[in-house]
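Text of upload.txt (compact mmCIF, C-alpha atoms) as supplied:
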# COMPACT_ATOMS: atom_id res chain seq x y z
CA MET A 1 122.27 -119.83 -177.23
CA ALA A 2 123.56 -122.61 -174.99
CA GLY A 3 123.19 -126.05 -176.42
CA GLY A 4 121.39 -124.74 -179.49
CA GLY A 5 118.24 -124.37 -177.41
CA LEU A 6 115.32 -121.99 -177.49
CA HIS A 7 115.41 -118.40 -176.26
CA PHE A 8 112.77 -117.10 -173.87
CA ALA A 9 112.15 -113.36 -173.96
CA VAL A 10 110.18 -111.49 -171.35
CA GLY A 11 109.44 -107.96 -170.26
CA GLU A 12 108.27 -104.71 -171.72
CA MET A 13 110.66 -102.64 -173.77
CA GLY A 14 113.07 -100.87 -171.44
CA LYS A 15 112.11 -102.78 -168.29
CA LYS A 16 114.77 -104.73 -166.47
CA VAL A 17 114.35 -108.46 -165.92
CA ALA A 18 115.26 -110.51 -162.86
CA VAL A 19 115.70 -114.25 -163.39
CA VAL A 20 114.93 -116.15 -160.18
CA VAL A 21 116.13 -119.74 -159.90
CA GLY A 22 113.84 -121.69 -157.57
CA GLY A 23 110.07 -121.51 -157.19
CA SER A 24 109.81 -122.36 -153.50
CA VAL A 25 108.83 -119.80 -150.86
CA ALA A 26 112.13 -117.90 -151.12
CA GLY A 27 111.97 -117.69 -154.90
CA LEU A 28 108.35 -116.56 -155.03
CA ALA A 29 109.04 -114.01 -152.29
CA CYS A 30 111.91 -112.60 -154.35
CA ALA A 31 109.63 -112.51 -157.40
CA HIS A 32 107.03 -110.48 -155.50
CA ALA A 33 109.66 -108.08 -154.21
CA ALA A 34 111.37 -107.52 -157.57
CA ALA A 35 108.04 -107.02 -159.34
CA GLY A 36 107.08 -104.50 -156.67
CA ALA A 37 110.28 -102.61 -157.48
CA GLY A 38 109.24 -102.27 -161.12
CA TRP A 39 111.09 -105.23 -162.60
CA ASP A 40 109.80 -108.04 -164.76
CA VAL A 41 110.59 -111.47 -163.33
CA VAL A 42 111.07 -114.97 -164.72
CA VAL A 43 111.10 -117.84 -162.21
CA LEU A 44 112.69 -121.16 -163.19
CA GLU A 45 111.34 -124.12 -161.22
CA LYS A 46 111.96 -127.81 -161.95
CA ALA A 47 108.67 -128.99 -160.40
CA ALA A 48 106.10 -129.60 -163.11
CA ALA A 49 103.36 -127.58 -161.42
CA PRO A 50 102.52 -125.85 -158.16
CA ALA A 51 101.76 -128.21 -155.30
CA ALA A 52 98.03 -128.89 -155.19
CA GLY A 53 96.22 -127.69 -152.08
CA GLY A 54 98.00 -127.04 -148.80
CA GLY A 55 98.90 -130.55 -147.76
CA THR A 56 102.57 -130.64 -148.72
CA GLY A 57 105.47 -129.69 -146.53
CA ALA A 58 105.18 -129.04 -142.83
CA GLY A 59 104.75 -126.21 -140.36
CA LEU A 60 106.66 -122.97 -139.98
CA GLY A 61 106.69 -119.96 -137.66
CA LEU A 62 106.52 -116.39 -138.94
CA ASP A 63 107.65 -113.32 -137.06
CA ALA A 64 105.75 -110.02 -137.04
CA ARG A 65 107.86 -108.41 -139.76
CA SER A 66 107.43 -111.38 -142.08
CA MET A 67 103.67 -111.29 -141.49
CA GLU A 68 103.64 -107.60 -142.41
CA THR A 69 105.69 -108.19 -145.55
CA LEU A 70 103.61 -111.16 -146.66
CA ALA A 71 100.43 -109.13 -146.14
CA SER A 72 101.78 -106.58 -148.63
CA TRP A 73 102.05 -109.32 -151.25
CA ILE A 74 99.11 -111.61 -150.41
CA PRO A 75 95.63 -110.10 -150.16
CA GLY A 76 94.07 -110.87 -146.78
CA TRP A 77 97.16 -112.52 -145.31
CA GLY A 78 96.99 -112.31 -141.53
CA LEU A 79 93.33 -111.33 -141.60
CA ASP A 80 92.05 -114.81 -142.47
CA THR A 81 92.50 -118.31 -141.07
CA ALA A 82 95.83 -119.07 -142.78
CA THR A 83 97.78 -118.63 -139.53
CA LEU A 84 97.39 -119.26 -135.81
CA PRO A 85 99.07 -117.37 -132.96
CA LEU A 86 102.27 -118.52 -131.33
CA ALA A 87 102.17 -115.92 -128.59
CA VAL A 88 104.08 -118.07 -126.07
CA ASP A 89 107.55 -119.62 -126.31
CA LEU A 90 107.63 -122.38 -123.68
CA ASN A 91 110.62 -124.62 -122.88
CA ARG A 92 110.03 -127.57 -120.54
CA ALA A 93 112.21 -130.37 -119.20
CA THR A 94 110.87 -133.92 -119.38
CA ASP A 95 112.01 -136.64 -117.00
CA SER A 96 112.04 -139.77 -119.17
CA GLU A 97 111.71 -142.02 -116.10
CA THR A 98 108.69 -140.38 -114.46
CA LYS A 99 107.38 -138.61 -117.60
CA ALA A 100 106.92 -135.49 -115.47
CA ALA A 101 107.51 -132.08 -117.08
CA ARG A 102 108.72 -128.87 -115.45
CA THR A 103 108.89 -125.40 -116.92
CA LEU A 104 112.38 -124.13 -117.71
CA VAL A 105 111.52 -120.75 -119.24
CA ARG A 106 108.39 -119.11 -120.56
CA ASP A 107 108.09 -116.04 -122.80
CA ASP A 108 104.57 -114.68 -123.13
CA GLY A 109 105.65 -112.02 -125.62
CA PHE A 110 106.96 -114.27 -128.37
CA GLY A 111 104.49 -112.97 -130.95
CA PHE A 112 104.97 -115.35 -133.89
CA ARG A 113 102.29 -116.94 -136.08
CA ALA A 114 102.08 -120.56 -137.22
CA ALA A 115 101.43 -121.46 -140.85
CA HIS A 116 101.65 -124.48 -143.09
CA TRP A 117 104.36 -124.40 -145.76
CA GLY A 118 101.95 -125.55 -148.45
CA ASP A 119 99.40 -122.87 -147.59
CA LEU A 120 102.01 -120.10 -147.74
CA HIS A 121 103.49 -121.33 -150.99
CA ARG A 122 100.09 -121.63 -152.65
CA ARG A 123 99.03 -118.15 -151.55
CA LEU A 124 102.31 -116.60 -152.71
CA HIS A 125 101.88 -118.23 -156.10
CA GLU A 126 98.23 -117.25 -156.50
CA ALA A 127 99.03 -113.62 -155.66
CA LEU A 128 101.90 -113.19 -158.15
CA PRO A 129 101.47 -110.00 -160.20
CA PRO A 130 101.35 -110.02 -164.03
CA ALA A 131 105.01 -108.95 -164.20
CA VAL A 132 106.03 -112.44 -162.99
CA ALA A 133 106.24 -115.49 -165.27
CA VAL A 134 106.84 -118.85 -163.60
CA LEU A 135 108.29 -121.49 -165.90
CA TRP A 136 107.26 -124.73 -164.23
CA GLY A 137 109.05 -127.87 -165.31
CA HIS A 138 112.26 -125.97 -166.13
CA GLN A 139 115.37 -127.36 -164.43
CA PHE A 140 118.15 -124.80 -164.11
CA LEU A 141 121.43 -125.95 -165.67
CA SER A 142 123.88 -123.05 -165.79
CA PHE A 143 124.33 -119.33 -166.21
CA GLU A 144 126.70 -116.93 -167.91
CA ALA A 145 127.20 -113.35 -166.77
CA HIS A 146 128.38 -110.56 -169.00
CA GLY A 147 128.67 -106.81 -168.77
CA GLY A 148 125.08 -106.22 -169.75
CA GLY A 149 123.34 -108.99 -167.86
CA VAL A 150 122.99 -112.74 -167.44
CA VAL A 151 121.79 -115.70 -169.47
CA ALA A 152 120.33 -118.66 -167.57
CA THR A 153 120.01 -122.02 -169.30
CA ALA A 154 117.33 -124.49 -168.23
CA ARG A 155 116.19 -127.90 -169.42
CA VAL A 156 112.50 -128.41 -170.10
CA VAL A 157 111.79 -131.50 -168.02
CA ARG A 158 108.98 -132.77 -170.25
CA THR A 159 110.79 -132.52 -173.59
CA GLY A 160 114.49 -132.43 -172.72
CA GLU A 161 115.14 -129.33 -174.84
CA THR A 162 117.14 -126.41 -173.44
CA VAL A 163 115.92 -122.85 -173.06
CA ASP A 164 117.94 -119.66 -172.55
CA VAL A 165 116.45 -116.88 -170.43
CA THR A 166 118.13 -113.49 -170.61
CA GLY A 167 117.92 -111.01 -167.76
CA ASP A 168 119.67 -108.15 -166.04
CA LEU A 169 120.33 -110.06 -162.82
CA LEU A 170 120.08 -113.60 -161.49
CA VAL A 171 118.68 -114.42 -158.05
CA ALA A 172 119.76 -117.82 -156.75
CA ALA A 173 116.94 -119.04 -154.52
CA ASP A 174 117.58 -122.71 -155.22
CA GLY A 175 117.77 -123.95 -151.65
CA ALA A 176 120.34 -125.18 -149.18
CA ALA A 177 122.01 -127.43 -151.78
CA SER A 178 122.18 -124.55 -154.29
CA SER A 179 124.04 -125.46 -157.48
CA ILE A 180 124.68 -121.77 -158.11
CA ARG A 181 126.34 -121.35 -154.71
CA ARG A 182 128.46 -124.43 -155.40
CA ARG A 183 129.71 -122.83 -158.60
CA LEU A 184 130.50 -119.54 -156.87
CA LEU A 185 131.93 -121.13 -153.71
CA PRO A 186 133.10 -124.64 -154.65
CA ASP A 187 134.95 -125.11 -151.36
CA LEU A 188 131.97 -124.23 -149.13
CA LYS A 189 130.38 -127.43 -147.85
CA LEU A 190 127.20 -128.10 -145.92
CA ARG A 191 127.92 -129.06 -142.31
CA TYR A 192 126.00 -131.95 -140.76
CA ALA A 193 124.63 -130.75 -137.43
CA GLY A 194 125.07 -134.08 -135.63
CA TYR A 195 121.37 -134.94 -135.54
CA CYS A 196 118.26 -135.48 -137.64
CA ALA A 197 114.64 -134.53 -137.11
CA TRP A 198 111.64 -136.79 -137.28
CA ARG A 199 108.74 -134.70 -138.55
CA GLY A 200 105.02 -135.23 -138.75
CA VAL A 201 101.75 -133.40 -139.23
CA PHE A 202 98.77 -134.92 -137.42
CA ASP A 203 95.40 -134.12 -139.03
CA PHE A 204 92.76 -134.12 -136.31
CA ALA A 205 89.83 -132.93 -138.42
CA GLY A 206 86.79 -134.77 -137.05
CA LYS A 207 88.95 -136.30 -134.28
CA GLU A 208 88.85 -133.56 -131.64
CA SER A 209 87.15 -135.88 -129.15
CA SER A 210 89.51 -138.80 -129.80
CA ASP A 211 91.73 -140.15 -127.03
CA THR A 212 94.77 -138.83 -128.87
CA MET A 213 93.46 -135.26 -129.01
CA THR A 214 91.93 -135.13 -125.54
CA GLY A 215 95.20 -136.45 -124.16
CA ILE A 216 97.43 -134.05 -126.07
CA ARG A 217 95.28 -131.04 -125.14
CA ARG A 218 95.46 -132.10 -121.51
CA ALA A 219 99.26 -132.40 -121.61
CA TYR A 220 99.70 -129.30 -123.80
CA PRO A 221 96.77 -127.05 -122.81
CA GLU A 222 97.97 -123.97 -124.70
CA LEU A 223 98.12 -125.50 -128.16
CA GLY A 224 96.80 -122.96 -130.63
CA ASN A 225 98.69 -120.17 -128.87
CA CYS A 226 101.99 -121.70 -127.78
CA LEU A 227 105.23 -123.01 -129.26
CA TYR A 228 106.19 -125.97 -127.07
CA PHE A 229 109.77 -127.20 -126.69
CA ASP A 230 110.17 -130.34 -124.58
CA LEU A 231 113.77 -131.20 -123.67
CA ALA A 232 114.94 -134.57 -122.40
CA HIS A 233 118.50 -135.84 -122.03
CA LYS A 234 120.32 -135.10 -125.32
CA THR A 235 117.14 -134.71 -127.34
CA HIS A 236 114.16 -132.37 -127.76
CA THR A 237 110.81 -132.00 -129.47
CA VAL A 238 108.79 -129.14 -130.91
CA LEU A 239 104.99 -129.07 -130.97
CA TYR A 240 102.48 -126.47 -132.13
CA GLU A 241 99.09 -126.23 -133.79
CA LEU A 242 98.57 -125.33 -137.43
CA PRO A 243 95.44 -123.95 -139.10
CA ARG A 244 92.75 -126.32 -140.34
CA SER A 245 92.97 -128.86 -137.50
CA ARG A 246 96.59 -129.97 -137.74
CA LEU A 247 99.39 -130.44 -135.22
CA ASN A 248 103.00 -130.07 -136.31
CA TRP A 249 105.71 -131.93 -134.39
CA LEU A 250 109.45 -132.46 -134.70
CA TRP A 251 111.74 -134.73 -132.72
CA TYR A 252 115.51 -134.20 -132.95
CA THR A 253 117.70 -137.26 -132.43
CA ASN A 254 121.52 -137.34 -132.30
CA GLY A 255 123.38 -139.77 -134.53
CA PRO A 256 125.85 -140.26 -137.37
CA GLU A 257 125.21 -138.59 -140.71
CA PRO A 258 122.90 -140.71 -142.91
CA GLU A 259 123.76 -141.45 -146.51
CA LEU A 260 121.67 -139.35 -148.88
CA THR A 261 121.00 -139.67 -152.59
CA GLY A 262 120.56 -136.63 -154.79
CA SER A 263 120.20 -133.14 -153.35
CA SER A 264 117.26 -133.79 -151.03
CA VAL A 265 117.84 -133.70 -147.26
CA THR A 266 114.59 -135.58 -146.61
CA ILE A 267 114.46 -139.34 -146.06
CA GLU A 268 111.31 -141.36 -146.64
CA ALA A 269 111.20 -143.59 -143.57
CA THR A 270 110.74 -147.34 -143.86
CA ASP A 271 108.23 -149.20 -141.73
CA VAL A 272 111.09 -150.56 -139.63
CA MET A 273 112.47 -147.06 -139.02
CA VAL A 274 109.06 -145.75 -138.02
CA ALA A 275 108.41 -148.67 -135.67
CA ARG A 276 111.75 -148.13 -133.89
CA MET A 277 111.12 -144.40 -133.62
CA ARG A 278 107.68 -144.93 -132.09
CA GLU A 279 109.06 -147.43 -129.61
CA GLU A 280 111.73 -144.94 -128.56
CA ALA A 281 109.10 -142.20 -128.20
CA GLU A 282 107.30 -144.37 -125.66
CA ARG A 283 110.50 -144.61 -123.66
CA VAL A 284 111.49 -140.95 -123.73
CA TRP A 285 108.34 -138.83 -123.84
CA CYS A 286 105.09 -138.50 -121.95
CA PRO A 287 102.35 -140.95 -123.02
CA GLU A 288 100.27 -138.21 -124.67
CA LEU A 289 103.09 -137.11 -126.98
CA ALA A 290 104.14 -140.69 -127.69
CA ARG A 291 100.58 -141.49 -128.72
CA LEU A 292 100.46 -138.48 -131.04
CA VAL A 293 103.68 -139.65 -132.67
CA ARG A 294 102.31 -143.17 -132.98
CA ASP A 295 99.06 -141.99 -134.59
CA THR A 296 100.68 -139.65 -137.13
CA ALA A 297 100.62 -141.03 -140.64
CA ALA A 298 103.78 -140.98 -142.78
CA PRO A 299 106.34 -139.32 -140.51
CA PHE A 300 109.56 -138.50 -142.34
CA VAL A 301 113.16 -137.59 -141.53
CA ASN A 302 114.97 -134.32 -142.22
CA VAL A 303 118.76 -134.50 -142.05
CA ILE A 304 119.87 -131.25 -140.42
CA TYR A 305 122.56 -129.20 -142.10
CA ASP A 306 123.83 -125.66 -142.09
CA ALA A 307 126.90 -123.90 -143.50
CA ASP A 308 129.42 -121.43 -142.22
CA PRO A 309 128.40 -117.85 -143.09
CA LEU A 310 129.16 -116.89 -146.66
CA PRO A 311 131.78 -114.22 -147.42
CA ARG A 312 129.52 -112.53 -149.95
CA LEU A 313 125.91 -112.50 -151.24
CA SER A 314 126.55 -110.62 -154.51
CA TRP A 315 128.67 -111.95 -157.39
CA ALA A 316 129.58 -111.51 -161.04
CA SER A 317 129.98 -107.71 -160.90
CA GLY A 318 126.62 -107.27 -159.27
CA ARG A 319 124.66 -109.53 -161.60
CA VAL A 320 124.11 -112.55 -159.31
CA ALA A 321 122.63 -112.55 -155.80
CA LEU A 322 122.03 -115.40 -153.36
CA ALA A 323 118.80 -115.45 -151.33
CA GLY A 324 116.96 -117.77 -148.97
CA ASP A 325 118.58 -121.04 -147.95
CA ALA A 326 120.98 -120.74 -150.88
CA ALA A 327 122.47 -117.72 -149.10
CA HIS A 328 122.38 -119.04 -145.56
CA PRO A 329 121.72 -122.74 -144.98
CA THR A 330 120.66 -122.85 -141.34
CA THR A 331 119.45 -125.23 -138.70
CA PRO A 332 115.78 -124.66 -137.86
CA HIS A 333 116.07 -123.89 -134.15
CA GLY A 334 115.56 -120.15 -134.32
CA LEU A 335 112.61 -120.42 -136.74
CA ARG A 336 114.75 -118.37 -139.10
CA SER A 337 114.77 -120.14 -142.48
CA THR A 338 111.49 -118.76 -143.86
CA ASN A 339 111.80 -115.49 -141.97
CA MET A 340 115.29 -114.90 -143.34
CA SER A 341 114.04 -115.72 -146.84
CA VAL A 342 111.22 -113.18 -146.58
CA ALA A 343 113.63 -110.60 -145.15
CA ASP A 344 116.08 -111.26 -148.01
CA ALA A 345 113.33 -110.68 -150.56
CA ARG A 346 112.06 -107.56 -148.80
CA GLU A 347 115.54 -106.03 -148.69
CA LEU A 348 116.32 -107.03 -152.27
CA GLY A 349 113.12 -105.36 -153.45
CA ARG A 350 113.87 -102.25 -151.41
CA CYS A 351 117.35 -101.93 -152.90
CA LEU A 352 116.14 -102.52 -156.47
CA ALA A 353 113.43 -99.90 -156.03
CA ARG A 354 115.84 -97.34 -154.62
CA TRP A 355 118.07 -97.49 -157.72
CA GLY A 356 115.25 -97.56 -160.25
CA ALA A 357 114.60 -100.08 -163.01
CA GLU A 358 115.97 -97.79 -165.75
CA GLU A 359 119.34 -96.92 -164.19
CA PRO A 360 122.06 -98.86 -166.11
CA ALA A 361 124.10 -99.52 -162.97
CA ALA A 362 121.02 -100.40 -160.89
CA PRO A 363 121.70 -104.15 -160.49
CA ALA A 364 125.27 -103.75 -159.23
CA ARG A 365 124.45 -100.91 -156.87
CA ALA A 366 121.29 -102.55 -155.57
CA LEU A 367 123.00 -105.87 -154.90
CA ALA A 368 125.91 -104.17 -153.16
CA GLU A 369 123.44 -102.54 -150.77
CA TYR A 370 121.55 -105.80 -150.35
CA GLU A 371 124.76 -107.54 -149.33
CA VAL A 372 125.73 -104.84 -146.84
CA ALA A 373 122.31 -105.02 -145.19
CA ARG A 374 121.82 -108.77 -145.07
CA LEU A 375 125.24 -110.39 -144.69
CA PRO A 376 125.93 -109.49 -141.03
CA VAL A 377 122.36 -110.30 -140.01
CA VAL A 378 122.16 -113.76 -141.56
CA ALA A 379 125.68 -114.63 -140.38
CA ALA A 380 124.79 -113.88 -136.77
CA GLN A 381 121.47 -115.71 -136.99
CA VAL A 382 122.92 -118.84 -138.61
CA MET A 383 125.59 -119.14 -135.93
CA HIS A 384 123.11 -118.54 -133.11
CA ALA A 385 120.73 -121.19 -134.50
CA ARG A 386 123.68 -123.60 -134.70
CA ARG A 387 124.54 -122.99 -131.06
CA LEU A 388 120.92 -123.21 -129.90
CA GLY A 389 120.48 -126.57 -131.60
CA ARG A 390 123.60 -128.00 -130.01
CA VAL A 391 122.52 -126.74 -126.58
CA LYS A 392 119.09 -128.36 -126.87
CA GLN A 393 120.63 -131.60 -128.10
CA GLY A 394 123.11 -131.71 -125.22
CA LEU A 395 126.09 -131.42 -127.55
CA PRO A 396 129.23 -129.49 -126.53
CA VAL A 397 129.47 -125.84 -127.56
CA ASP A 398 132.23 -123.23 -127.36
CA GLY A 399 134.91 -125.83 -126.64
CA GLU A 400 133.14 -127.27 -123.60
CA ALA A 401 133.86 -130.89 -122.72
CA GLU A 402 130.22 -131.62 -121.88
CA GLY A 403 126.98 -130.35 -123.37
CA PHE A 404 123.98 -128.75 -121.67
CA ASP A 405 122.35 -131.21 -119.24
CA VAL A 406 118.65 -130.44 -119.04
CA ARG A 407 118.31 -132.70 -116.00
CA LYS A 408 120.37 -130.20 -113.99
CA ALA A 409 119.24 -127.01 -115.71
CA THR A 410 118.10 -124.03 -113.67
CA GLU A 411 115.70 -121.28 -114.72
CA GLU A 412 118.66 -118.92 -114.96
CA ASP A 413 120.40 -121.32 -117.36
CA ALA A 414 117.26 -121.60 -119.47
CA VAL A 415 116.65 -117.85 -119.75
CA HIS A 416 120.18 -117.36 -120.99
CA LEU A 417 120.36 -120.35 -123.32
CA LEU A 418 116.93 -121.36 -124.57
CA ARG A 419 114.66 -118.38 -125.25
CA GLN A 420 113.87 -117.69 -128.88
CA ARG A 421 114.19 -113.95 -128.36
CA SER A 422 117.91 -114.39 -127.66
CA MET A 423 118.27 -114.64 -131.45
CA PRO A 424 120.30 -111.69 -132.81
CA PHE A 425 118.07 -109.12 -134.52
CA PHE A 426 115.02 -110.84 -133.02
CA GLY A 427 112.82 -107.75 -133.30
CA ASP A 428 113.95 -106.68 -136.76
CA ALA A 429 116.96 -106.47 -139.02
CA PRO A 430 118.43 -103.18 -140.26
CA ALA A 431 117.68 -102.08 -143.81
CA ALA A 432 120.30 -100.83 -146.23
CA ALA A 433 119.41 -97.20 -145.54
CA ASP A 434 120.07 -97.81 -141.81
CA ASP A 435 123.63 -98.82 -142.67
CA GLY A 436 124.41 -95.53 -144.33
CA CYS A 437 124.07 -96.79 -147.92
CA VAL A 438 122.73 -94.16 -150.33
Written form, structure tokens:
Amino acid sequence: MAGGGLHFAVGEMGKKVAVVVGGSVAGLACAHAAAGAGWDVVVLEKAAAPAAGGGTGAGLGLDARSMETLASWIPGWGLDTATLPLAVDLNRATDSETKAARTLVRDDGFGFRAAHWGDLHRRLHEALPPAVAVLWGHQFLSFEAHGGGVVATARVVRTGETVDVTGDLLVAADGAASSIRRRLLPDLKLRYAGYCAWRGVFDFAGKESSDTMTGIRRAYPELGNCLYFDLAHKTHTVLYELPRSRLNWLWYTNGPEPELTGSSVTIEATDVMVARMREEAERVWCPELARLVRDTAAPFVNVIYDADPLPRLSWASGRVALAGDAAHPTTPHGLRSTNMSVADARELGRCLARWGAEEPAAPARALAEYEVARLPVVAAQVMHARRLGRVKQGLPVDGEAEGFDVRKATEEDAVHLLRQRSMPFFGDAPAAADDGCV
């Protein structure tokens, strides 16, 4: 036992155990998938408890396959009010002088759904099957792999004591700054994208008739069904409606890499930062959007990172797998982060189920198939999202001297460069069986 700590045992006699590091959406998705494949699961999460309610985090977009997968884990998902349609992908150019907007490209067959991160996380947690044990308040420290399995060591945040958890495989779902990935790939570094994102969620419950809401619905008449991208010179915004009377917005701004403390990529903005941002919004964007930004409480900053595609997703003789942002840190421009995480979990569960929970070589064989199926997909999607972000921010791509200039953009340019459906594997990603793995 590491550090002379306690030992945590789980699982019925003979059942294999997956230890999942990280209790965010990716980790809980992997827990659902592994449990569905007949495994017992232990989730290690440093947060003391699940986030209360649905007010934490921000918005996300889910593709049709993710909705289908989530519905298999969460009773009633997609049939209730937890999501709203994003049927339309609309890119517009804004003239910062006149504040006039013109359509660049419109896709009426986008077919995503909008959800709130907190709502999805809560529902995933509430729907966990009995085979899953979540150890809240357990900070992952290290792991050791051996021929028969893995031992993960965690620190109990409340008491400081250490706990060993033994399993047959380890799933690293510990986010873009993954400590497990750093151990496996010490030379792989996160890459600053060249810009940050201001983010906010505007709660308009009881304010539908306010000047802010009447103005924003006039300027963005398809909210509730449309994903809006407004592009100005070397900057762009995203706007869409979330369930329960909320609007989610992001504004990407180019600049030098900020100094961060710890592993978080989120910055709590000072009053001075917020005031400057709101003043700049008045200069760049239409009055209706600038007013929404001004009236949003507690906007915050995400520093945007990604990483070059990983060479592998399976390690330690098939005992350790990377999933979610730990496997593919990505910029958010293709709405891929959550969708890739759900797809990772779905494929992991499929591979574990195919090899059976009693087969001694099941972990190694399952993770080998998982890697074959997912590695080329996530690599292509990460690189496309990187390129899409640079295009929308007017930054050079592919060795060009100058970036995309939205002021001169034609519809033909926009169709080729800006549509979400240009994402590789937009409709679906191949499963392991499709790649000839048996």
- Near range 325-342 of chain A, within 8 Å and counting all atoms listed in the file, which residues show up once chain neighbours fewer than 6 positions away are dropped, as number ranges by chain? A: 25-26, 29-30, 60-63, 66, 69-70, 172-178, 181, 190, 193, 304-307, 309-310, 313, 378-379, 381-382, 384-386, 388-389, 420, 423
Which residues of range 119-224 of chain A come within 9 Å of range 362-369 of chain A, and what is each one's closest atom pair and distance in Å (one decimal), counting all atoms listed in the file, sorted by chain and residue number, as a tab-separated table?
residue	atom	partner	partner_atom	distance
A:Gly149	CA	A:Pro363	CA	9.0
A:Asp168	CA	A:Pro363	CA	7.1
A:Leu169	CA	A:Pro363	CA	6.5
- Query: Which of these residues is nearest to Arg407 in chain A, using all atoms listed in the file: A:Met213, A:Val150, A:Ala93, A:Leu260?
  - Reply: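 Closest to Arg407 in chain A, using all atoms listed in the file: A:Ala93.
A straight line drawn from CA of Val165 in chain A to CA of Leu120 in chain A is 27.1 Å long.
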Let me have the centre and edge lengths of the axis-aligned box enclosing all listed atoms of range 40-54 of chain A with 4 Å padding on every side, in Å to one decimal, as lines of an AutoDock Vina configuration file.
center_x = 104.5
center_y = -118.8
center_z = -156.8
size_x = 24.5
size_y = 29.6
size_z = 24.0
- Task: List the residues sitting within 7 Å of (109.1, -123.8, -111.6) in the file's frame, using all atoms listed in the file, as a PyMOL selection string.
- Result: chain A and resi 102-104
- Message: The residues within 12 Å of (96.6, -125.7, -135.7), using all atoms listed in the file and the coordinates of the file, should be reported as a PyMOL selection string; which are they?
- Response: chain A and resi 58-61+81-86+113-116+201-205+208+217+222-227+239-249
How would the residues just picked look written out with C-alpha atoms as a short mmCIF file (atom, residue, chain, number, x, y, z; two decimals), in the frame of the given file?
data_model
loop_
_atom_site.label_atom_id
_atom_site.label_comp_id
_atom_site.auth_asym_id
_atom_site.auth_seq_id
_atom_site.Cartn_x
_atom_site.Cartn_y
_atom_site.Cartn_z
CA ALA A 58 105.18 -129.04 -142.83
CA GLY A 59 104.75 -126.21 -140.36
CA LEU A 60 106.66 -122.97 -139.98
CA GLY A 61 106.69 -119.96 -137.66
CA THR A 81 92.50 -118.31 -141.07
CA ALA A 82 95.83 -119.07 -142.78
CA THR A 83 97.78 -118.63 -139.53
CA LEU A 84 97.39 -119.26 -135.81
CA PRO A 85 99.07 -117.37 -132.96
CA LEU A 86 102.27 -118.52 -131.33
CA ARG A 113 102.29 -116.94 -136.08
CA ALA A 114 102.08 -120.56 -137.22
CA ALA A 115 101.43 -121.46 -140.85
CA HIS A 116 101.65 -124.48 -143.09
CA VAL A 201 101.75 -133.40 -139.23
CA PHE A 202 98.77 -134.92 -137.42
CA ASP A 203 95.40 -134.12 -139.03
CA PHE A 204 92.76 -134.12 -136.31
CA ALA A 205 89.83 -132.93 -138.42
CA GLU A 208 88.85 -133.56 -131.64
CA ARG A 217 95.28 -131.04 -125.14
CA GLU A 222 97.97 -123.97 -124.70
CA LEU A 223 98.12 -125.50 -128.16
CA GLY A 224 96.80 -122.96 -130.63
CA ASN A 225 98.69 -120.17 -128.87
CA CYS A 226 101.99 -121.70 -127.78
CA LEU A 227 105.23 -123.01 -129.26
CA LEU A 239 104.99 -129.07 -130.97
CA TYR A 240 102.48 -126.47 -132.13
CA GLU A 241 99.09 -126.23 -133.79
CA LEU A 242 98.57 -125.33 -137.43
CA PRO A 243 95.44 -123.95 -139.10
CA ARG A 244 92.75 -126.32 -140.34
CA SER A 245 92.97 -128.86 -137.50
CA ARG A 246 96.59 -129.97 -137.74
CA LEU A 247 99.39 -130.44 -135.22
CA ASN A 248 103.00 -130.07 -136.31
CA TRP A 249 105.71 -131.93 -134.39
#
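Between Gly255 in chain A and the candidates A:Pro424, A:Gly200, A:Pro129, A:Gly194, the tightest atom-to-atom separation, counting all atoms listed in the file, involves A:Gly194.
Coordinates place CA of Ser24 in chain A at a distance of 14.2 Å from CA of Val132 in chain A.
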- Message: Report, in Å with one decimal, the straight-line distance from CA of Val397 in chain A to CA of Arg106 in chain A.
- Response: 23.2 Å
- A:Trp73, A:His121, A:Leu352, A:Val105: which is nearest Asp40 in chain A, counting only C-alpha atoms?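 Closest candidate: A:Leu352.
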- Using only C-alpha atoms: which of A:Gly36, A:Pro50, A:Gly206, A:Gly111 has the shortest distance to Ala131 in chain A: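 Using only C-alpha atoms, Ala131 in chain A sits closest to A:Gly36.
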- Note on the structure: Of A:Ala49, A:Ala380, A:Ala353, A:Val301, the one nearest to Pro258 in chain A when counting all atoms listed in the file is A:Val301
- Message: Please list as a PyMOL selection string every residue within 12 Å of Thr235 in chain A, counting all atoms listed in the file and excluding residues in the same chain fewer than 4 positions away.
- Response: chain A and resi 93-96+194-198+229-231+250-255+280-281+284-285+389-395+403-407
